[in-house]
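Engineer: This is the content of protein-v9.pdb (PDB, C-alpha atoms):
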```
ATOM      1  CA  MET T 262       0.000   0.000   0.000
ATOM      2  CA  PHE T 263       2.828   2.387   0.851
ATOM      3  CA  LYS T 264       6.300   2.908  -0.499
ATOM      4  CA  ALA T 265       8.815   1.166   1.721
ATOM      5  CA  GLY T 266      10.735   4.371   2.402
ATOM      6  CA  ILE T 267       7.692   6.251   3.663
ATOM      7  CA  HIS T 268       6.564   3.276   5.728
ATOM      8  CA  SER T 269       9.986   2.828   7.336
ATOM      9  CA  THR T 270      10.263   6.527   8.144
ATOM     10  CA  ILE T 271       6.895   6.565   9.894
ATOM     11  CA  LEU T 272       7.784   3.420  11.819
ATOM     12  CA  ILE T 273      11.074   4.835  13.046
ATOM     13  CA  LEU T 274       9.604   8.204  14.012
ATOM     14  CA  SER T 275       6.675   6.584  15.783
ATOM     15  CA  LEU T 276       8.883   4.189  17.711
ATOM     16  CA  LEU T 277      11.137   7.062  18.706
ATOM     17  CA  LEU T 278       8.099   8.764  20.185
ATOM     18  CA  ILE T 279       7.100   5.585  21.993
ATOM     19  CA  LEU T 280      10.444   4.727  23.458
ATOM     20  CA  SER T 281      12.044   8.088  24.174
ATOM     21  CA  GLY T 282      11.902   9.975  27.419
ATOM     22  CA  PRO T 283      11.341   8.877  30.996
ATOM     23  CA  ALA T 284       7.610   8.389  30.497
ATOM     24  CA  ALA T 285       8.378   5.315  28.393
ATOM     25  CA  PHE T 286       9.721   3.451  31.398
ATOM     26  CA  ALA T 287       6.823   2.276  33.475
ATOM     27  CA  GLY T 288       8.648   1.119  36.605
ATOM     28  CA  GLU T 289       8.216  -2.194  38.398
ATOM     29  CA  SER T 290       5.935  -4.748  36.853
ATOM     30  CA  LYS T 291       2.992  -6.193  38.739
ATOM     31  CA  THR T 292       0.856  -9.242  38.117
ATOM     32  CA  ILE T 293      -2.898  -9.167  38.611
ATOM     33  CA  GLU T 294      -5.400 -12.015  38.596
ATOM     34  CA  VAL T 295      -7.900 -11.123  35.894
ATOM     35  CA  LEU T 296     -10.010 -14.258  36.240
ATOM     36  CA  LYS T 297      -9.493 -17.569  38.000
ATOM     37  CA  ASN T 298      -6.206 -18.988  36.644
ATOM     38  CA  VAL T 299      -5.763 -16.056  34.230
ATOM     39  CA  PHE T 300      -3.072 -13.514  35.152
ATOM     40  CA  THR T 301      -1.728 -10.430  33.412
ATOM     41  CA  THR T 302       1.619  -8.758  34.073
ATOM     42  CA  ILE T 303       1.536  -5.009  33.477
ATOM     43  CA  ASP T 304       4.091  -2.182  33.580
ATOM     44  CA  GLY T 305       7.800  -3.014  33.922
ATOM     45  CA  ASP T 306      11.297  -1.751  33.189
ATOM     46  CA  GLY T 307      10.684  -0.842  29.555
ATOM     47  CA  VAL T 308       7.631  -0.467  27.348
ATOM     48  CA  ASP T 309       4.323  -1.019  29.161
ATOM     49  CA  SER T 310       3.152  -3.988  27.096
ATOM     50  CA  ASN T 311       0.937  -6.569  28.782
ATOM     51  CA  THR T 312       1.760 -10.267  29.152
ATOM     52  CA  THR T 313      -0.921 -12.783  30.082
ATOM     53  CA  PHE T 314      -0.501 -16.332  31.332
ATOM     54  CA  ILE T 315      -3.119 -19.020  31.876
ATOM     55  CA  ILE T 316      -2.518 -21.842  34.318
ATOM     56  CA  THR T 317      -4.323 -25.058  33.400
ATOM     57  CA  THR T 318      -4.225 -28.560  34.893
ATOM     58  CA  GLU T 319      -1.897 -29.658  32.082
ATOM     59  CA  GLY T 320       0.450 -26.695  31.876
ATOM     60  CA  VAL T 321       0.760 -22.983  31.222
ATOM     61  CA  ILE T 322      -0.025 -20.807  28.199
ATOM     62  CA  VAL T 323       1.897 -17.510  27.877
ATOM     63  CA  ILE T 324       0.652 -14.710  25.623
ATOM     64  CA  ASP T 325       3.290 -12.122  24.643
ATOM     65  CA  THR T 326       6.702 -12.091  26.266
ATOM     66  CA  ARG T 327       7.666  -8.516  27.202
ATOM     67  CA  PRO T 328      10.388  -6.292  25.682
ATOM     68  CA  THR T 329      13.477  -8.010  27.138
ATOM     69  CA  PRO T 330      14.569 -11.374  28.533
ATOM     70  CA  ALA T 331      14.931  -9.765  31.976
ATOM     71  CA  GLU T 332      11.277  -8.719  31.906
ATOM     72  CA  ALA T 333      10.289 -12.146  30.570
ATOM     73  CA  ARG T 334      12.089 -13.818  33.481
ATOM     74  CA  LYS T 335       9.990 -11.724  35.858
ATOM     75  CA  VAL T 336       6.897 -13.212  34.238
ATOM     76  CA  LEU T 337       8.401 -16.682  34.548
ATOM     77  CA  ALA T 338       9.057 -16.046  38.252
ATOM     78  CA  GLU T 339       5.401 -15.037  38.686
ATOM     79  CA  ILE T 340       4.351 -18.272  37.016
ATOM     80  CA  ARG T 341       6.640 -20.319  39.249
ATOM     81  CA  LYS T 342       5.145 -18.706  42.353
ATOM     82  CA  ARG T 343       1.876 -20.324  41.344
ATOM     83  CA  THR T 344       2.741 -23.600  39.608
ATOM     84  CA  ASP T 345       5.563 -25.958  38.677
ATOM     85  CA  LEU T 346       3.701 -27.192  35.613
ATOM     86  CA  PRO T 347       5.506 -26.771  32.289
ATOM     87  CA  ILE T 348       4.921 -23.924  29.881
ATOM     88  CA  VAL T 349       3.306 -25.693  26.954
ATOM     89  CA  TYR T 350       2.426 -22.862  24.559
ATOM     90  CA  THR T 351       3.768 -19.358  24.014
ATOM     91  CA  ILE T 352       1.805 -17.052  21.716
ATOM     92  CA  ASN T 353       2.815 -13.751  20.100
ATOM     93  CA  THR T 354      -0.084 -11.458  19.198
ATOM     94  CA  HIS T 355       2.116  -9.566  16.686
ATOM     95  CA  TYR T 356       5.771  -9.001  15.850
ATOM     96  CA  HIS T 357       6.652  -5.810  17.756
ATOM     97  CA  GLY T 358       9.629  -6.205  20.042
ATOM     98  CA  ASP T 359       7.808  -5.134  23.178
ATOM     99  CA  HIS T 360       5.701  -8.287  22.712
ATOM    100  CA  THR T 361       8.310 -10.719  21.299
ATOM    101  CA  PHE T 362      11.794  -9.872  22.544
ATOM    102  CA  GLY T 363      11.302 -12.044  25.633
ATOM    103  CA  ASN T 364      10.612 -15.115  23.476
ATOM    104  CA  GLN T 365      13.998 -16.699  24.158
ATOM    105  CA  VAL T 366      13.083 -17.175  27.823
ATOM    106  CA  PHE T 367      10.147 -19.347  26.798
ATOM    107  CA  LYS T 368      11.708 -21.279  23.910
ATOM    108  CA  ASP T 369      12.007 -24.409  26.063
ATOM    109  CA  SER T 370       8.236 -24.725  25.706
ATOM    110  CA  LYS T 371       9.138 -25.835  22.150
ATOM    111  CA  THR T 372       6.032 -24.155  20.768
ATOM    112  CA  ILE T 373       5.932 -20.417  20.031
ATOM    113  CA  ILE T 374       2.839 -19.629  17.982
ATOM    114  CA  ALA T 375       1.904 -16.602  15.871
ATOM    115  CA  HIS T 376       0.392 -15.610  12.566
ATOM    116  CA  LYS T 377       2.654 -16.507   9.648
ATOM    117  CA  ASN T 378       3.397 -12.829   8.959
ATOM    118  CA  VAL T 379       4.941 -12.476  12.425
ATOM    119  CA  ARG T 380       7.471 -15.190  11.679
ATOM    120  CA  ASN T 381       8.183 -13.755   8.233
ATOM    121  CA  THR T 382       8.802 -10.287   9.642
ATOM    122  CA  LEU T 383      11.042 -11.464  12.470
ATOM    123  CA  ILE T 384      13.006 -13.733  10.115
ATOM    124  CA  ASN T 385      13.480 -11.056   7.449
ATOM    125  CA  SER T 386      13.646  -7.859   9.517
ATOM    126  CA  GLY T 387      14.042  -8.963  13.119
ATOM    127  CA  GLN T 388      17.671  -7.897  13.440
ATOM    128  CA  ASP T 389      16.912  -4.441  12.073
ATOM    129  CA  HIS T 390      13.975  -4.183  14.469
ATOM    130  CA  LEU T 391      16.243  -5.195  17.349
ATOM    131  CA  SER T 392      18.936  -2.707  16.287
ATOM    132  CA  LEU T 393      16.332   0.039  16.357
ATOM    133  CA  PHE T 394      15.134  -0.989  19.820
ATOM    134  CA  LYS T 395      18.714  -0.989  21.113
ATOM    135  CA  THR T 396      18.976   2.727  20.367
ATOM    136  CA  PHE T 397      16.244   3.424  22.922
ATOM    137  CA  LYS T 398      18.428   2.399  25.875
ATOM    138  CA  ILE T 399      15.873   0.032  27.373
ATOM    139  CA  PRO T 400      17.612  -1.874  30.190
ATOM    140  CA  GLY T 401      18.453  -5.448  29.174
ATOM    141  CA  MET T 402      18.021  -4.987  25.426
ATOM    142  CA  ASP T 403      21.590  -6.147  24.678
ATOM    143  CA  GLU T 404      20.638  -9.626  25.878
ATOM    144  CA  VAL T 405      17.881 -10.088  23.293
ATOM    145  CA  GLU T 406      18.201 -12.872  20.730
ATOM    146  CA  VAL T 407      15.484 -12.574  18.110
ATOM    147  CA  THR T 408      13.442 -15.762  18.517
ATOM    148  CA  PRO T 409      10.732 -16.132  15.854
ATOM    149  CA  PRO T 410       7.672 -18.320  16.360
ATOM    150  CA  ASN T 411       8.127 -21.905  15.165
ATOM    151  CA  VAL T 412       4.437 -22.708  14.707
ATOM    152  CA  THR T 413       2.324 -20.463  12.474
ATOM    153  CA  TYR T 414      -1.213 -20.290  11.161
ATOM    154  CA  GLU T 415      -2.944 -18.340   8.400
ATOM    155  CA  LYS T 416      -6.625 -17.785   9.264
ATOM    156  CA  GLU T 417      -7.438 -19.459  12.567
ATOM    157  CA  MET T 418      -6.157 -22.055  14.991
ATOM    158  CA  GLU T 419      -7.468 -23.733  18.123
ATOM    159  CA  ILE T 420      -5.502 -24.708  21.197
ATOM    160  CA  TRP T 421      -6.891 -27.067  23.812
ATOM    161  CA  LEU T 422      -5.069 -27.446  27.116
ATOM    162  CA  GLY T 423      -6.294 -28.523  30.528
ATOM    163  CA  GLY T 424      -9.917 -27.838  29.733
ATOM    164  CA  TYR T 425      -9.280 -24.430  28.153
ATOM    165  CA  ARG T 426     -10.005 -23.735  24.497
ATOM    166  CA  LEU T 427      -8.223 -20.777  22.925
ATOM    167  CA  GLN T 428      -9.238 -19.632  19.461
ATOM    168  CA  LEU T 429      -6.488 -17.792  17.602
ATOM    169  CA  LEU T 430      -8.163 -15.620  14.996
ATOM    170  CA  TYR T 431      -6.711 -13.517  12.182
ATOM    171  CA  HIS T 432      -9.211 -11.058  10.770
ATOM    172  CA  GLY T 433      -6.784  -9.279   8.446
ATOM    173  CA  LYS T 434      -4.393  -6.366   8.683
ATOM    174  CA  GLY T 435      -4.903  -3.864  11.477
ATOM    175  CA  HIS T 436      -2.344  -2.678  13.999
ATOM    176  CA  THR T 437       0.145  -4.697  11.909
ATOM    177  CA  ASP T 438      -0.223  -7.238   9.110
ATOM    178  CA  GLY T 439      -0.146 -10.150  11.566
ATOM    179  CA  ASP T 440      -2.430  -9.455  14.530
ATOM    180  CA  THR T 441      -3.857 -12.390  16.455
ATOM    181  CA  ILE T 442      -7.102 -12.049  18.394
ATOM    182  CA  ILE T 443      -7.292 -14.660  21.157
ATOM    183  CA  TYR T 444     -10.816 -15.588  22.178
ATOM    184  CA  ILE T 445     -11.645 -17.845  25.137
ATOM    185  CA  ASP T 446     -15.343 -18.459  24.771
ATOM    186  CA  GLN T 447     -15.850 -20.286  28.084
ATOM    187  CA  LEU T 448     -14.460 -17.229  29.902
ATOM    188  CA  ARG T 449     -16.053 -14.685  27.537
ATOM    189  CA  THR T 450     -12.604 -13.146  27.280
ATOM    190  CA  ILE T 451     -10.589 -11.552  24.483
ATOM    191  CA  ILE T 452      -6.833 -11.018  24.556
ATOM    192  CA  SER T 453      -6.450  -8.385  21.869
ATOM    193  CA  GLY T 454      -2.781  -7.569  21.588
ATOM    194  CA  ASP T 455      -2.257  -4.050  20.300
ATOM    195  CA  LEU T 456      -5.499  -3.958  18.384
ATOM    196  CA  ILE T 457      -6.625  -2.307  21.629
ATOM    197  CA  PHE T 458      -4.828   0.327  23.687
ATOM    198  CA  ASN T 459      -6.993   1.058  26.729
ATOM    199  CA  GLU T 460      -7.287   4.809  27.373
ATOM    200  CA  LYS T 461      -4.058   5.429  25.523
ATOM    201  CA  ILE T 462      -3.488   6.887  22.058
ATOM    202  CA  PRO T 463      -2.365   3.908  19.954
ATOM    203  CA  TYR T 464       0.901   3.378  18.123
ATOM    204  CA  MET T 465       0.110   3.384  14.396
ATOM    205  CA  GLY T 466       3.469   3.036  12.637
ATOM    206  CA  ASP T 467       2.377  -0.226  10.950
ATOM    207  CA  ALA T 468      -1.343   0.481  10.874
ATOM    208  CA  TYR T 469      -3.960  -0.255   8.246
ATOM    209  CA  ILE T 470      -6.797   1.871   9.588
ATOM    210  CA  ASP T 471      -9.798   0.541   7.669
ATOM    211  CA  GLU T 472      -8.791  -3.053   8.346
ATOM    212  CA  TRP T 473      -8.142  -2.230  12.022
ATOM    213  CA  ILE T 474     -11.691  -0.883  12.316
ATOM    214  CA  GLU T 475     -13.011  -4.089  10.721
ATOM    215  CA  SER T 476     -11.076  -6.211  13.230
ATOM    216  CA  LEU T 477     -12.668  -4.257  16.064
ATOM    217  CA  ASN T 478     -16.096  -4.711  14.492
ATOM    218  CA  TYR T 479     -15.388  -8.436  14.455
ATOM    219  CA  MET T 480     -14.370  -8.371  18.119
ATOM    220  CA  GLU T 481     -17.653  -6.692  18.983
ATOM    221  CA  LEU T 482     -19.492  -9.673  17.503
ATOM    222  CA  LEU T 483     -17.702 -12.094  19.813
ATOM    223  CA  LYS T 484     -19.394 -12.774  23.130
ATOM    224  CA  ASN T 485     -16.960 -11.108  25.493
ATOM    225  CA  GLU T 486     -17.144  -9.501  28.888
ATOM    226  CA  THR T 487     -13.424  -9.209  29.659
ATOM    227  CA  VAL T 488     -10.890  -7.585  27.340
ATOM    228  CA  ILE T 489      -7.156  -7.803  28.013
ATOM    229  CA  PRO T 490      -5.519  -5.120  25.827
ATOM    230  CA  GLY T 491      -1.971  -4.922  24.555
ATOM    231  CA  HIS T 492      -1.417  -1.779  26.635
ATOM    232  CA  GLY T 493      -3.402  -0.356  29.506
ATOM    233  CA  ALA T 494      -5.728  -1.666  32.166
ATOM    234  CA  ILE T 495      -7.989  -4.694  31.829
ATOM    235  CA  GLY T 496     -11.397  -3.655  30.524
ATOM    236  CA  GLY T 497     -14.633  -4.886  29.051
ATOM    237  CA  ARG T 498     -16.632  -4.432  25.862
ATOM    238  CA  PRO T 499     -16.474  -0.615  26.111
ATOM    239  CA  THR T 500     -12.703  -0.761  25.509
ATOM    240  CA  VAL T 501     -13.321  -2.319  22.084
ATOM    241  CA  ILE T 502     -15.866   0.349  21.228
ATOM    242  CA  ALA T 503     -13.656   3.186  22.482
ATOM    243  CA  MET T 504     -10.706   2.050  20.361
ATOM    244  CA  LYS T 505     -12.930   1.732  17.287
ATOM    245  CA  HIS T 506     -14.426   5.171  17.801
ATOM    246  CA  TYR T 507     -10.960   6.729  18.098
ATOM    247  CA  LEU T 508      -9.998   5.265  14.721
ATOM    248  CA  ILE T 509     -13.308   6.280  13.145
ATOM    249  CA  ASN T 510     -12.909   9.826  14.460
ATOM    250  CA  LEU T 511      -9.337   9.998  13.201
ATOM    251  CA  LYS T 512     -10.342   8.695   9.777
ATOM    252  CA  GLY T 513     -13.326  11.012   9.410
ATOM    253  CA  LEU T 514     -11.486  14.143  10.446
ATOM    254  CA  VAL T 515      -8.528  13.417   8.167
ATOM    255  CA  LEU T 516     -10.753  12.575   5.203
ATOM    256  CA  GLU T 517     -12.593  15.867   5.653
ATOM    257  CA  GLN T 518      -9.299  17.726   5.315
ATOM    258  CA  LEU T 519      -8.169  15.644   2.349
ATOM    259  CA  ASN T 520     -11.460  16.307   0.590
ATOM    260  CA  ASN T 521     -10.635  20.012   0.938
ATOM    261  CA  ASN T 522      -7.154  19.424  -0.510
ATOM    262  CA  LYS T 523      -5.385  20.250   2.739
ATOM    263  CA  SER T 524      -1.698  19.457   3.198
ATOM    264  CA  LEU T 525      -0.425  17.183   5.945
ATOM    265  CA  LYS T 526       0.631  20.166   8.058
ATOM    266  CA  GLU T 527      -2.743  21.874   7.591
ATOM    267  CA  THR T 528      -4.495  18.613   8.447
ATOM    268  CA  GLN T 529      -2.487  18.168  11.625
ATOM    269  CA  GLU T 530      -3.174  21.759  12.663
ATOM    270  CA  ALA T 531      -6.916  21.312  12.132
ATOM    271  CA  VAL T 532      -7.406  17.793  13.480
ATOM    272  CA  ALA T 533      -4.991  17.534  16.417
ATOM    273  CA  PRO T 534      -6.806  20.054  18.682
ATOM    274  CA  ILE T 535     -10.110  18.246  18.141
ATOM    275  CA  LEU T 536      -8.681  14.851  19.034
ATOM    276  CA  ARG T 537      -6.695  16.249  21.980
ATOM    277  CA  GLU T 538      -9.871  17.695  23.453
ATOM    278  CA  LYS T 539     -11.998  14.629  22.823
ATOM    279  CA  TYR T 540      -9.388  12.222  24.225
ATOM    280  CA  LYS T 541      -7.843  14.484  26.859
ATOM    281  CA  SER T 542      -8.165  11.794  29.532
ATOM    282  CA  TRP T 543      -6.080   9.310  27.515
ATOM    283  CA  LYS T 544      -2.328   8.857  27.848
ATOM    284  CA  LYS T 545       0.189   9.812  25.145
ATOM    285  CA  LEU T 546      -1.670  12.684  23.529
ATOM    286  CA  GLU T 547       1.640  13.651  21.936
ATOM    287  CA  TRP T 548       1.252  10.678  19.567
ATOM    288  CA  ILE T 549      -1.799  12.219  17.898
ATOM    289  CA  GLU T 550       0.161  14.143  15.240
ATOM    290  CA  GLY T 551       1.873  10.901  14.192
ATOM    291  CA  ASN T 552      -1.486   9.140  13.948
ATOM    292  CA  ILE T 553      -2.810  11.961  11.770
ATOM    293  CA  GLU T 554       0.219  11.589   9.516
ATOM    294  CA  ARG T 555      -0.390   7.867   9.193
ATOM    295  CA  ALA T 556      -4.055   8.405   8.317
ATOM    296  CA  TRP T 557      -3.258  11.247   5.895
ATOM    297  CA  LEU T 558      -0.740   9.095   4.030
ATOM    298  CA  GLU T 559      -3.058   6.073   3.930
ATOM    299  CA  TYR T 560      -6.095   7.921   2.632
ATOM    300  CA  SER T 561      -4.246  10.245   0.294
ATOM    301  CA  THR T 562      -2.732   7.141  -1.294
ATOM    302  CA  LYS T 563      -6.157   5.477  -1.579
ATOM    303  CA  GLN T 564      -7.645   8.572  -3.202
ATOM    304  CA  LYS T 565      -5.006   8.381  -5.943
ATOM    305  CA  THR T 566      -5.749   4.729  -6.779
TER     306      THR T 566
END
```
Turn this file's structure into structure tokens for me.
Structural biologist:
Amino acid sequence: MFKAGIHSTILILSLLLILSGPAAFAGESKTIEVLKNVFTTIDGDGVDSNTTFIITTEGVIVIDTRPTPAEARKVLAEIRKRTDLPIVYTINTHYHGDHTFGNQVFKDSKTIIAHKNVRNTLINSGQDHLSLFKTFKIPGMDEVEVTPPNVTYEKEMEIWLGGYRLQLLYHGKGHTDGDTIIYIDQLRTIISGDLIFNEKIPYMGDAYIDEWIESLNYMELLKNETVIPGHGAIGGRPTVIAMKHYLINLKGLVLEQLNNNKSLKETQEAVAPILREKYKSWKKLEWIEGNIERAWLEYSTKQKT
């Protein structure tokens, strides 16, 4: 959809925004019990990405692995406080390093699962992605060994373990080109990865906005009461709706400017104050200009085709 140069520039600038400055470092991690046998580790010494683990009678399932091996070992220690059962499955919701760079700590599980595009990206561009992350001075990044998933799927996959059934669903491009939605129907729970940022302006360096909105529409159709986002606090169905409405608002406001032949700078000047006011209670308002740029480039490209 985009020229590689433009795409790479946006990605680098967006990641610099994410990982620069003291606000990027969230402090000590903590693990909360979301539901019986379902735990999520939040915050930590690095990017504030969430990691979830499920303890079953036959072993443990880990979803996302934190930004560094040191942070991943903290998750492993939390698991070992609760069970000595083996880690059977590790799942990556998408390729970004803050969700995959702890994979090496869990490789003894023998099974690291993700959408096929996650493996392809980490195989082909993982070292470049790691080199970029190393410039952000996250503690422990030098220890990272890029560890791609070794089991992939294309459309959907089911995992059964200890009475739990996890549906791994790919609804198309969204936050990235390889986002997995994890649905546990018996718990009415979704683990969304970065398709949902709860009360936080999302990172959109790899985004496909229309497809992202469609993925959120799909999530709304699933029977869910609990939503574990990629970033932010545990929520419910309103978190899905809030994320969708942010993207719809962003799209609509940018399209209005494009229809009036406004430049990127003019669009940012017109749209940013509206979004800042509407989402003033959300974290990372400074990312809004980057999101507007992403939307402006996506829809200006579509208008030319």
Engineer: For the file shown, report as a list in words the outcome of the PyMOL selection byres ((chain T and resi 402) around 10) at residue level.
Structural biologist: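 When the PyMOL selection byres ((chain T and resi 402) around 10) is applied, the selected residues are Gly307, Pro328, Thr329, Pro330, Ala331, Phe362, Gly363, Leu391, Ser392, Phe394, Lys395, Thr396, Phe397, Lys398, Ile399, Pro400, Gly401, Asp403, Glu404, Val405 and Glu406 of chain T.
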Engineer: What gap, in Å, lies between atom CA of T:Val308 and atom CA of T:Asn353?
Structural biologist: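 Taking atom CA of T:Val308 as the start and atom CA of T:Asn353 as the end point, the length is 15.9 Å.
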Engineer: Give me the residues within 10 Å of T:Glu294 as a PyMOL selection string, counting only C-alpha atoms and dropping any in the same chain fewer than 5 places off.
Structural biologist: chain T and resi 299-302+313-315
Engineer: Per residue of stretch 284-330 of chain T within 7 Å of stretch 416-426 of chain T, note the shortest atom pair and the distance in Å to one decimal, counting all atoms listed in the file, and order the rows by chain and increasing residue number, as a Markdown table.
Structural biologist:
```
| residue | atom | partner | partner_atom | distance |
| --- | --- | --- | --- | --- |
| T:Thr317 | CA | T:Gly423 | CA | 4.9 |
| T:Thr318 | CA | T:Gly423 | CA | 4.8 |
| T:Glu319 | CA | T:Gly423 | CA | 4.8 |
```
Engineer: Provide the atom CA of T:Arg555 to atom CA of T:Asn510 distance in Å, to one decimal place.
Structural biologist: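 A separation of 13.7 Å between them.
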Engineer: Rounded to one decimal in Å, what is the spacing between atom CA of T:Asn364 and atom CA of T:Ile384?
Structural biologist: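 Computing the Euclidean distance for atom CA of T:Asn364 and atom CA of T:Ile384 yields 13.6 Å.
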Engineer: Would you write out, as CSV, a table of all residues in stretch 345-399 of chain T that have an atom no more than 12 Å from an atom of stretch 480-494 of chain T, listing for each the closest atom pair and the distance in Å to one decimal, considering all atoms listed in the file and ordering rows by chain and rising residue number?
Structural biologist:
```
residue,atom,partner,partner_atom,distance
T:Asn353,CA,T:Gly491,CA,11.0
T:Thr354,CA,T:Gly491,CA,8.7
T:His355,CA,T:Gly491,CA,10.0
T:His357,CA,T:Gly491,CA,11.0
T:Asp359,CA,T:Gly491,CA,9.9
T:His360,CA,T:Gly491,CA,8.6
```
Engineer: Skipping near chain neighbours, those fewer than 4 positions away, what residues fall within 6 Å of T:Ile445 using all atoms listed in the file, listed as a compact mmCIF listing (two decimals) with C-alpha atoms, keeping the file's coordinate frame?
Structural biologist:
```txt
# COMPACT_ATOMS: atom_id res chain seq x y z
CA LEU T 427 -8.22 -20.78 22.92
CA ARG T 449 -16.05 -14.68 27.54
CA THR T 450 -12.60 -13.15 27.28
```
Engineer: Could you list the residues chosen by the PyMOL selection byres ((chain T and resi 379-382) around 10) in this structure as a ChimeraX atom specification?
Structural biologist: /T:353-357,361,373-378,383-388,390,408-413,437-441
Engineer: Counting all atoms listed in the file, which of T:Lys461, T:Glu475, T:Trp557, T:Leu525 gets nearest to T:Gly513?
Structural biologist: T:Trp557
Engineer: Which residue, T:Gly466, T:Pro347, T:Gly358, T:Gly496, has the smallest gap to T:Leu558 when you use all atoms listed in the file?
Structural biologist: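 Result for the nearest residue to T:Leu558: T:Gly466.
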Engineer: To test your reading of the syntax: which residues would the PyMOL selection byres ((chain T and resi 468-470) around 6) return for the file shown? Reply as a ChimeraX atom specification.
Structural biologist: /T:435-437,465-467,471-473
Engineer: Smallest atom-to-atom distance to T:Tyr464: which of T:Asp345, T:Asp389, T:Glu559, T:Glu550, using only C-alpha atoms?
Structural biologist: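 Selected residue with least distance to T:Tyr464: T:Glu550.
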Engineer: Name the residues in contact with T:Arg334 at a cut-off of 10 Å, using all atoms listed in the file, excluding same-chain residues fewer than 4 positions from it; report them as an MDAnalysis selection string.
Structural biologist: chainID T and resid 326:327 329:330 338:340 363 365:367
Engineer: Within 12 Å of T:Lys523, counting only C-alpha atoms, which residues show up once you throw out same-chain ones fewer than 6 positions away? Write them as a ChimeraX atom specification, please.
Structural biologist: /T:514-517,529-532,557,561
Engineer: Centre and edge lengths, as AutoDock Vina command-line options, for the axis-aligned box enclosing every listed atom of stretch 342-355 of chain T with 8 Å of padding on each of the six sides, in Å to one decimal?
Structural biologist:
```
--center_x 2.7 --center_y -18.4 --center_z 29.5 --size_x 21.6 --size_y 33.6 --size_z 41.7
```
Engineer: Considering all atoms listed in the file, state which residue in the set T:Leu346, T:Ala503, T:Leu430, T:Leu337 is at the smallest distance from T:Ile462.
Structural biologist: T:Ala503
Engineer: Here is a test: counting only C-alpha atoms, which residue of T:Leu429, T:Ile442, T:Tyr350, T:Gly454 is nearest to T:Thr312?
Structural biologist: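 Looking at the shortest contact to T:Thr312, the residue is T:Gly454.
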Engineer: Quick one: of T:Asp455, T:Gly497, T:Ser524, T:Ile502, who's nearest to T:Leu477, counting all atoms listed in the file?
Structural biologist: T:Ile502
